[in-house]
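*Asks:* This is the structure I want to talk about, given as structure tokens.
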Amino acid sequence: MSITVTAPMRIDLAGGTLDLHPLYLFLHDPLTVTASISLHSRASVTPLEGNRVRLVSEDLDQSVEVENTEELSLGGKLDLLSRAVKFYAPQGGLELRTKSAAPKGSGLGASSSLLMSMSKALGLFSGRDDSIHDIIMYGAGLEAQNLRIPTGYQDYYGACLGGINGLEFRVDGHNIRTLYPSAEFFKLLNDSMVVSFTGISHFSGTSNWNMLKRYVDQEGDTVKRMEAIEDTAHQMWDALICEDLDKVGKALDREWQNRRGLAEGVTNDRIDSMVLAAKNAGALASKICGAGGGGCMLTLSKPENKEKVIEALRSKGADILDVSIDNEGLKVLENSK
């Protein structure tokens, strides 16, 4: 039996970081608004004779091969793949082959997308029938072990569900609001969206940890900014429900203005120059995806200004990614016996 699963990555429209446990427990009405995009991770599981296990990351150009699952070491090369295989503990030998289409350090939830595609493929290969909720909960635990710091949940939901979602985090669990836009507004969003790579790789875990620590320690105006981000997420959702692109742009700008002061390193001169160049070319708003510090940037522009905005971003060294909103979520491409 050979199984291949793909999962989309995501852009966070508003309320990123609020998905971190236990941060969301300290807030009144936390909401994260996220959209899945047509940039995918892929995981394939193929049986091998005996008990041999082979792990291959095509984009990292790394591999690990051992005699059996028990010999997989943790904390070393391809640690996340090793943890996933040991957790799902399939019987017999296998090759797990992965590939991520995102630039390294993209801020698009690439590692979480990869983990979700691996988890689904390994679960099917092992004969398990895990729900989406189960896969997300297991994945959050595995990635926290891999990173050694708390992880958020929005990346997993974006990878599993697809589409545009409002994620509510509560003591009694998570609630998902799914947006069902009209065909006209869905096209307008795609025609208005520019996702670019700043050329700066980042590690979101460190930034998120710094933000969480600053909130708990009540450093500076972190608490005030987090509360403002919480309010802005609700404004973003309302703007999407009303299908008002101008209001979506204003909410995106408010999100970025509050986020950029949350912790040192969220922005820098290169990022600021790109944001300003896009604005001067007619963009409605821009924000860094994920926790900040680099990676990819989301820019919204009226369709008639989009080419000028793209030219402005390229003039500052940004690489434009050809993406659109992905409605499918986890997708099993191959499940042959």
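The chains in the structure tokens are called A, B, ... from first to last as shown; in each chain the residues are counted from 1, and the ligands are counted from 1 in the order shown.
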Write out as a ChimeraX atom specification all residues of segment 37-170 of chain A that DSSP puts in strand (DSSP E or B) for this structure's backbone.

*Replies:* /A:37-48,53-57,62-66,93-100,164-170

*Asks:* Need the shell around Pro181 of chain A: protein/DNA/RNA residues with any atom at most 12 Å away, counting only C-alpha atoms. Skip same-chain ones fewer than 3 positions apart. Format as a list of chain:residue names?

*Replies:*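 Counting only C-alpha atoms, the residues come to A:Gly163, A:Ile164, A:Asn165, A:Thr178, A:Glu184, A:Phe185, A:Phe186, A:Lys187, A:Leu188, A:Leu189, A:Asn190, A:Trp237, A:Ala239, A:Leu240, A:Ile241, A:Cys242, A:Glu243, A:Asp244, A:Ile325, A:Asn327.
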
*Asks:* Write the residues of the preceding selection, restricted to N, CA and C atoms, as a compact mmCIF listing (two decimals), in the first residue's frame.

*Replies:*
# COMPACT_ATOMS: atom_id res chain seq x y z
N GLY A 163 -9.67 26.69 2.97
CA GLY A 163 -10.60 27.81 3.01
C GLY A 163 -10.18 28.91 3.97
N ILE A 164 -11.15 29.76 4.31
CA ILE A 164 -10.95 30.88 5.24
C ILE A 164 -11.72 30.55 6.51
N ASN A 165 -11.02 30.58 7.63
CA ASN A 165 -11.63 30.17 8.89
C ASN A 165 -11.34 31.15 10.01
N THR A 178 -16.34 28.87 9.59
CA THR A 178 -15.87 28.81 8.20
C THR A 178 -16.59 29.86 7.37
N GLU A 184 -18.07 36.11 -6.34
CA GLU A 184 -17.49 37.40 -6.73
C GLU A 184 -16.46 37.87 -5.71
N PHE A 185 -16.77 37.75 -4.41
CA PHE A 185 -15.82 38.23 -3.40
C PHE A 185 -14.62 37.31 -3.30
N PHE A 186 -14.85 36.02 -3.47
CA PHE A 186 -13.73 35.07 -3.45
C PHE A 186 -12.73 35.41 -4.56
N LYS A 187 -13.25 35.72 -5.75
CA LYS A 187 -12.39 36.11 -6.87
C LYS A 187 -11.68 37.43 -6.56
N LEU A 188 -12.40 38.37 -5.95
CA LEU A 188 -11.80 39.66 -5.60
C LEU A 188 -10.66 39.49 -4.61
N LEU A 189 -10.84 38.63 -3.62
CA LEU A 189 -9.77 38.38 -2.65
C LEU A 189 -8.52 37.83 -3.34
N ASN A 190 -8.73 36.85 -4.19
CA ASN A 190 -7.59 36.27 -4.91
C ASN A 190 -6.92 37.29 -5.84
N TRP A 237 -12.87 39.60 10.72
CA TRP A 237 -13.92 38.63 10.41
C TRP A 237 -15.20 39.34 9.95
N ALA A 239 -15.39 42.24 8.51
CA ALA A 239 -15.15 42.79 7.17
C ALA A 239 -15.28 41.72 6.11
N LEU A 240 -14.80 40.51 6.41
CA LEU A 240 -14.93 39.40 5.47
C LEU A 240 -16.39 38.98 5.30
N ILE A 241 -17.12 38.93 6.39
CA ILE A 241 -18.54 38.59 6.32
C ILE A 241 -19.29 39.61 5.46
N CYS A 242 -18.94 40.89 5.63
CA CYS A 242 -19.58 41.96 4.86
C CYS A 242 -19.06 42.05 3.43
N GLU A 243 -17.99 41.32 3.14
CA GLU A 243 -17.37 41.31 1.82
C GLU A 243 -16.96 42.72 1.39
N ASP A 244 -16.28 43.40 2.32
CA ASP A 244 -15.82 44.77 2.10
C ASP A 244 -14.29 44.77 2.06
N ILE A 325 -6.15 31.25 -2.72
CA ILE A 325 -6.79 30.60 -1.58
C ILE A 325 -7.18 29.17 -1.95
N ASN A 327 -9.26 25.80 -1.01
CA ASN A 327 -10.44 25.39 -0.24
C ASN A 327 -10.44 23.93 0.18

*Asks:* Which of these residues is nearest to Thr4 of chain A, using only C-alpha atoms: A:Ile176, A:Ala277, A:Ala43, A:Leu48?

*Replies:*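 The answer is A:Ala43, which sits nearest to Thr4 of chain A.
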
*Asks:* Taking into account only C-alpha atoms, which residue in the set A:Glu311, A:Asp19, A:Asp12, A:Asp322 is nearest to Pro150 of chain A?

*Replies:*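 For Pro150 of chain A, the nearest of the given residues is A:Asp19.
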
*Asks:* Restricting the calculation to only C-alpha atoms, which member of A:Lys287, A:Lys77, A:Arg128, A:Arg97 is positioned closest to Val195 of chain A?

*Replies:*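 Of A:Lys287, A:Lys77, A:Arg128, A:Arg97, the one nearest Val195 of chain A, counting only C-alpha atoms, is A:Lys287.
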
*Asks:* With distances taken over only C-alpha atoms, which of A:Pro22, A:Lys250, A:Gly295, A:Lys279 is nearest to Val266 of chain A?

*Replies:* A:Gly295

*Asks:* Identify, on the basis of only C-alpha atoms, every residue whose closest approach to Leu313 of chain A does not exceed 10 Å; exclude the query and any residue fewer than 6 positions from it along the same chain; express the result as a ChimeraX atom specification.

*Replies:* /A:194,196-198,273-279,281,299,307,319-320

*Asks:* For the residues in that selection, give me N, CA and C atoms as a PDB file, in the first residue's frame.

*Replies:*
ATOM      1  N   VAL A 194      -1.377  39.563  -2.737  1.00  0.00           N
ATOM      2  CA  VAL A 194      -0.001  39.346  -3.176  1.00  0.00           C
ATOM      3  C   VAL A 194       0.764  38.736  -1.999  1.00  0.00           C
ATOM      4  N   SER A 196       4.496  37.494  -0.939  1.00  0.00           N
ATOM      5  CA  SER A 196       5.893  37.595  -1.369  1.00  0.00           C
ATOM      6  C   SER A 196       6.819  37.067  -0.284  1.00  0.00           C
ATOM      7  N   PHE A 197       7.990  36.633  -0.704  1.00  0.00           N
ATOM      8  CA  PHE A 197       9.016  36.191   0.247  1.00  0.00           C
ATOM      9  C   PHE A 197      10.031  37.312   0.383  1.00  0.00           C
ATOM     10  N   THR A 198      10.269  37.728   1.613  1.00  0.00           N
ATOM     11  CA  THR A 198      11.143  38.880   1.870  1.00  0.00           C
ATOM     12  C   THR A 198      12.617  38.576   1.636  1.00  0.00           C
ATOM     13  N   SER A 273      10.876  48.744   4.518  1.00  0.00           N
ATOM     14  CA  SER A 273      11.032  49.344   3.189  1.00  0.00           C
ATOM     15  C   SER A 273      10.090  48.690   2.180  1.00  0.00           C
ATOM     16  N   MET A 274       9.863  47.383   2.325  1.00  0.00           N
ATOM     17  CA  MET A 274       8.933  46.694   1.430  1.00  0.00           C
ATOM     18  C   MET A 274       7.499  47.133   1.684  1.00  0.00           C
ATOM     19  N   VAL A 275       7.129  47.242   2.949  1.00  0.00           N
ATOM     20  CA  VAL A 275       5.778  47.690   3.298  1.00  0.00           C
ATOM     21  C   VAL A 275       5.524  49.090   2.738  1.00  0.00           C
ATOM     22  N   LEU A 276       6.493  49.976   2.903  1.00  0.00           N
ATOM     23  CA  LEU A 276       6.348  51.354   2.427  1.00  0.00           C
ATOM     24  C   LEU A 276       6.286  51.408   0.902  1.00  0.00           C
ATOM     25  N   ALA A 277       7.118  50.623   0.236  1.00  0.00           N
ATOM     26  CA  ALA A 277       7.121  50.609  -1.230  1.00  0.00           C
ATOM     27  C   ALA A 277       5.768  50.137  -1.761  1.00  0.00           C
ATOM     28  N   ALA A 278       5.215  49.107  -1.143  1.00  0.00           N
ATOM     29  CA  ALA A 278       3.906  48.600  -1.563  1.00  0.00           C
ATOM     30  C   ALA A 278       2.823  49.654  -1.348  1.00  0.00           C
ATOM     31  N   LYS A 279       2.876  50.329  -0.199  1.00  0.00           N
ATOM     32  CA  LYS A 279       1.897  51.370   0.107  1.00  0.00           C
ATOM     33  C   LYS A 279       1.966  52.501  -0.907  1.00  0.00           C
ATOM     34  N   ALA A 281       2.850  52.332  -3.856  1.00  0.00           N
ATOM     35  CA  ALA A 281       2.390  51.852  -5.168  1.00  0.00           C
ATOM     36  C   ALA A 281       0.878  51.629  -5.203  1.00  0.00           C
ATOM     37  N   THR A 299       0.253  41.157   1.123  1.00  0.00           N
ATOM     38  CA  THR A 299      -0.129  42.508   0.733  1.00  0.00           C
ATOM     39  C   THR A 299      -1.485  42.454   0.051  1.00  0.00           C
ATOM     40  N   GLU A 307      -0.340  45.105 -10.238  1.00  0.00           N
ATOM     41  CA  GLU A 307       0.928  44.999 -10.962  1.00  0.00           C
ATOM     42  C   GLU A 307       1.936  46.035 -10.482  1.00  0.00           C
ATOM     43  N   ASP A 319      10.495  38.251  -3.559  1.00  0.00           N
ATOM     44  CA  ASP A 319      10.114  37.262  -4.559  1.00  0.00           C
ATOM     45  C   ASP A 319       8.608  37.032  -4.463  1.00  0.00           C
ATOM     46  N   ILE A 320       7.912  37.143  -5.577  1.00  0.00           N
ATOM     47  CA  ILE A 320       6.460  36.989  -5.580  1.00  0.00           C
ATOM     48  C   ILE A 320       6.103  35.517  -5.750  1.00  0.00           C
TER      49      ILE A 320
END

*Asks:* Can you pull out the residues contacting Ser113 of chain A? Cut-off 6 Å, using only C-alpha atoms, and skip same-chain residues under 5 positions away; I want them as a PDB file with N, CA, C and O atoms, in the first residue's frame.

*Replies:*
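result.pdb, freshly written:
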ATOM      1  N   ALA A   7      -1.083  18.815   1.907  1.00  0.00           N
ATOM      2  CA  ALA A   7      -1.754  19.754   2.806  1.00  0.00           C
ATOM      3  C   ALA A   7      -1.330  21.171   2.439  1.00  0.00           C
ATOM      4  O   ALA A   7      -0.158  21.412   2.146  1.00  0.00           O
ATOM      5  N   MET A   9      -0.574  25.282   2.971  1.00  0.00           N
ATOM      6  CA  MET A   9      -0.063  26.193   3.994  1.00  0.00           C
ATOM      7  C   MET A   9      -1.062  27.310   4.192  1.00  0.00           C
ATOM      8  O   MET A   9      -2.148  27.273   3.631  1.00  0.00           O
ATOM      9  N   ALA A 159      -3.943  23.720   7.490  1.00  0.00           N
ATOM     10  CA  ALA A 159      -3.501  22.574   6.693  1.00  0.00           C
ATOM     11  C   ALA A 159      -4.610  21.543   6.521  1.00  0.00           C
ATOM     12  O   ALA A 159      -4.730  20.912   5.471  1.00  0.00           O
TER      13      ALA A 159
END

*Asks:* Excluding Glu304 of chain A and any residue of its chain fewer than 5 positions from it, enumerate the residues within 10 Å of it, using only C-alpha atoms, and give them as a VMD selection string.

*Replies:* chain A and resid 191 to 192 282 309

*Asks:* Could those selected residues go to a file with all heavy atoms, as a PDB file, in the first residue's frame?

*Replies:*
ATOM      1  N   ASP A 191      -7.733  38.112  -6.492  1.00  0.00           N
ATOM      2  CA  ASP A 191      -7.186  39.118  -7.407  1.00  0.00           C
ATOM      3  C   ASP A 191      -6.481  40.247  -6.669  1.00  0.00           C
ATOM      4  O   ASP A 191      -5.691  40.983  -7.272  1.00  0.00           O
ATOM      5  CB  ASP A 191      -8.307  39.707  -8.272  1.00  0.00           C
ATOM      6  CG  ASP A 191      -8.842  38.723  -9.301  1.00  0.00           C
ATOM      7  OD1 ASP A 191      -8.178  37.694  -9.544  1.00  0.00           O
ATOM      8  OD2 ASP A 191      -9.936  38.977  -9.854  1.00  0.00           O
ATOM      9  N   SER A 192      -6.768  40.388  -5.379  1.00  0.00           N
ATOM     10  CA  SER A 192      -6.204  41.482  -4.582  1.00  0.00           C
ATOM     11  C   SER A 192      -4.998  41.064  -3.754  1.00  0.00           C
ATOM     12  O   SER A 192      -4.294  41.905  -3.204  1.00  0.00           O
ATOM     13  CB  SER A 192      -7.282  42.041  -3.635  1.00  0.00           C
ATOM     14  OG  SER A 192      -8.416  42.450  -4.348  1.00  0.00           O
ATOM     15  N   GLY A 282       0.213  51.876  -4.073  1.00  0.00           N
ATOM     16  CA  GLY A 282      -1.236  51.759  -4.052  1.00  0.00           C
ATOM     17  C   GLY A 282      -1.794  50.618  -3.240  1.00  0.00           C
ATOM     18  O   GLY A 282      -3.007  50.367  -3.294  1.00  0.00           O
ATOM     19  N   VAL A 309       2.069  47.282  -7.478  1.00  0.00           N
ATOM     20  CA  VAL A 309       2.496  46.813  -6.152  1.00  0.00           C
ATOM     21  C   VAL A 309       3.531  45.706  -6.295  1.00  0.00           C
ATOM     22  O   VAL A 309       4.556  45.694  -5.589  1.00  0.00           O
ATOM     23  CB  VAL A 309       1.274  46.335  -5.340  1.00  0.00           C
ATOM     24  CG1 VAL A 309       1.718  45.601  -4.078  1.00  0.00           C
ATOM     25  CG2 VAL A 309       0.379  47.514  -4.984  1.00  0.00           C
TER      26      VAL A 309
END

*Asks:* Give me the residues near Asp134 of chain A as a ChimeraX atom specification, where near means some atom within 12 Å (using only C-alpha atoms) and where sequence neighbours in that chain fewer than 3 positions away do not count.

*Replies:* /A:116,119-120,123,128-131,137-141,156-157,160

*Asks:* Would you save the residues of that selection, restricted to C-alpha atoms, as a JSON list (two decimals), in the first residue's frame?

*Replies:*
[["chain", "number", "residue", "atom", "x", "y", "z"],
["A", 116, "MET", "CA", -0.36, 17.16, 9.02],
["A", 119, "SER", "CA", 0.23, 12.33, 10.10],
["A", 120, "LYS", "CA", -2.61, 11.58, 7.72],
["A", 123, "GLY", "CA", -2.30, 7.06, 10.08],
["A", 128, "ARG", "CA", -5.88, 4.12, 11.99],
["A", 129, "ASP", "CA", -9.05, 6.20, 11.70],
["A", 130, "ASP", "CA", -7.99, 9.39, 13.48],
["A", 131, "SER", "CA", -10.30, 12.40, 13.24],
["A", 137, "MET", "CA", -3.93, 17.52, 18.89],
["A", 138, "TYR", "CA", -1.25, 14.88, 18.27],
["A", 139, "GLY", "CA", 0.56, 17.19, 15.87],
["A", 140, "ALA", "CA", 0.65, 20.08, 18.35],
["A", 141, "GLY", "CA", 2.26, 17.80, 20.90],
["A", 156, "TYR", "CA", -2.76, 22.79, 11.75],
["A", 157, "TYR", "CA", -6.31, 23.94, 11.08],
["A", 160, "CYS", "CA", -6.42, 20.27, 7.51]]

*Asks:* With distances taken over only C-alpha atoms, which residue among A:Gln62, A:Ser36, A:Asn208, A:Ser324 lies nearest Leu147 of chain A?

*Replies:* A:Asn208

*Asks:* Restricting the calculation to only C-alpha atoms: of A:Gly152, A:Gly293, A:Gly107, A:Gly162, which residue gets closest to Ser38 of chain A?

*Replies:* A:Gly162

*Asks:* Rounded to one decimal, what separation in Å do you get between atom CA of Gly92 of chain A and atom CA of Leu115 of chain A?

*Replies:*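 Atom-to-atom, atom CA of Gly92 of chain A to atom CA of Leu115 of chain A, that is 21.0 Å.
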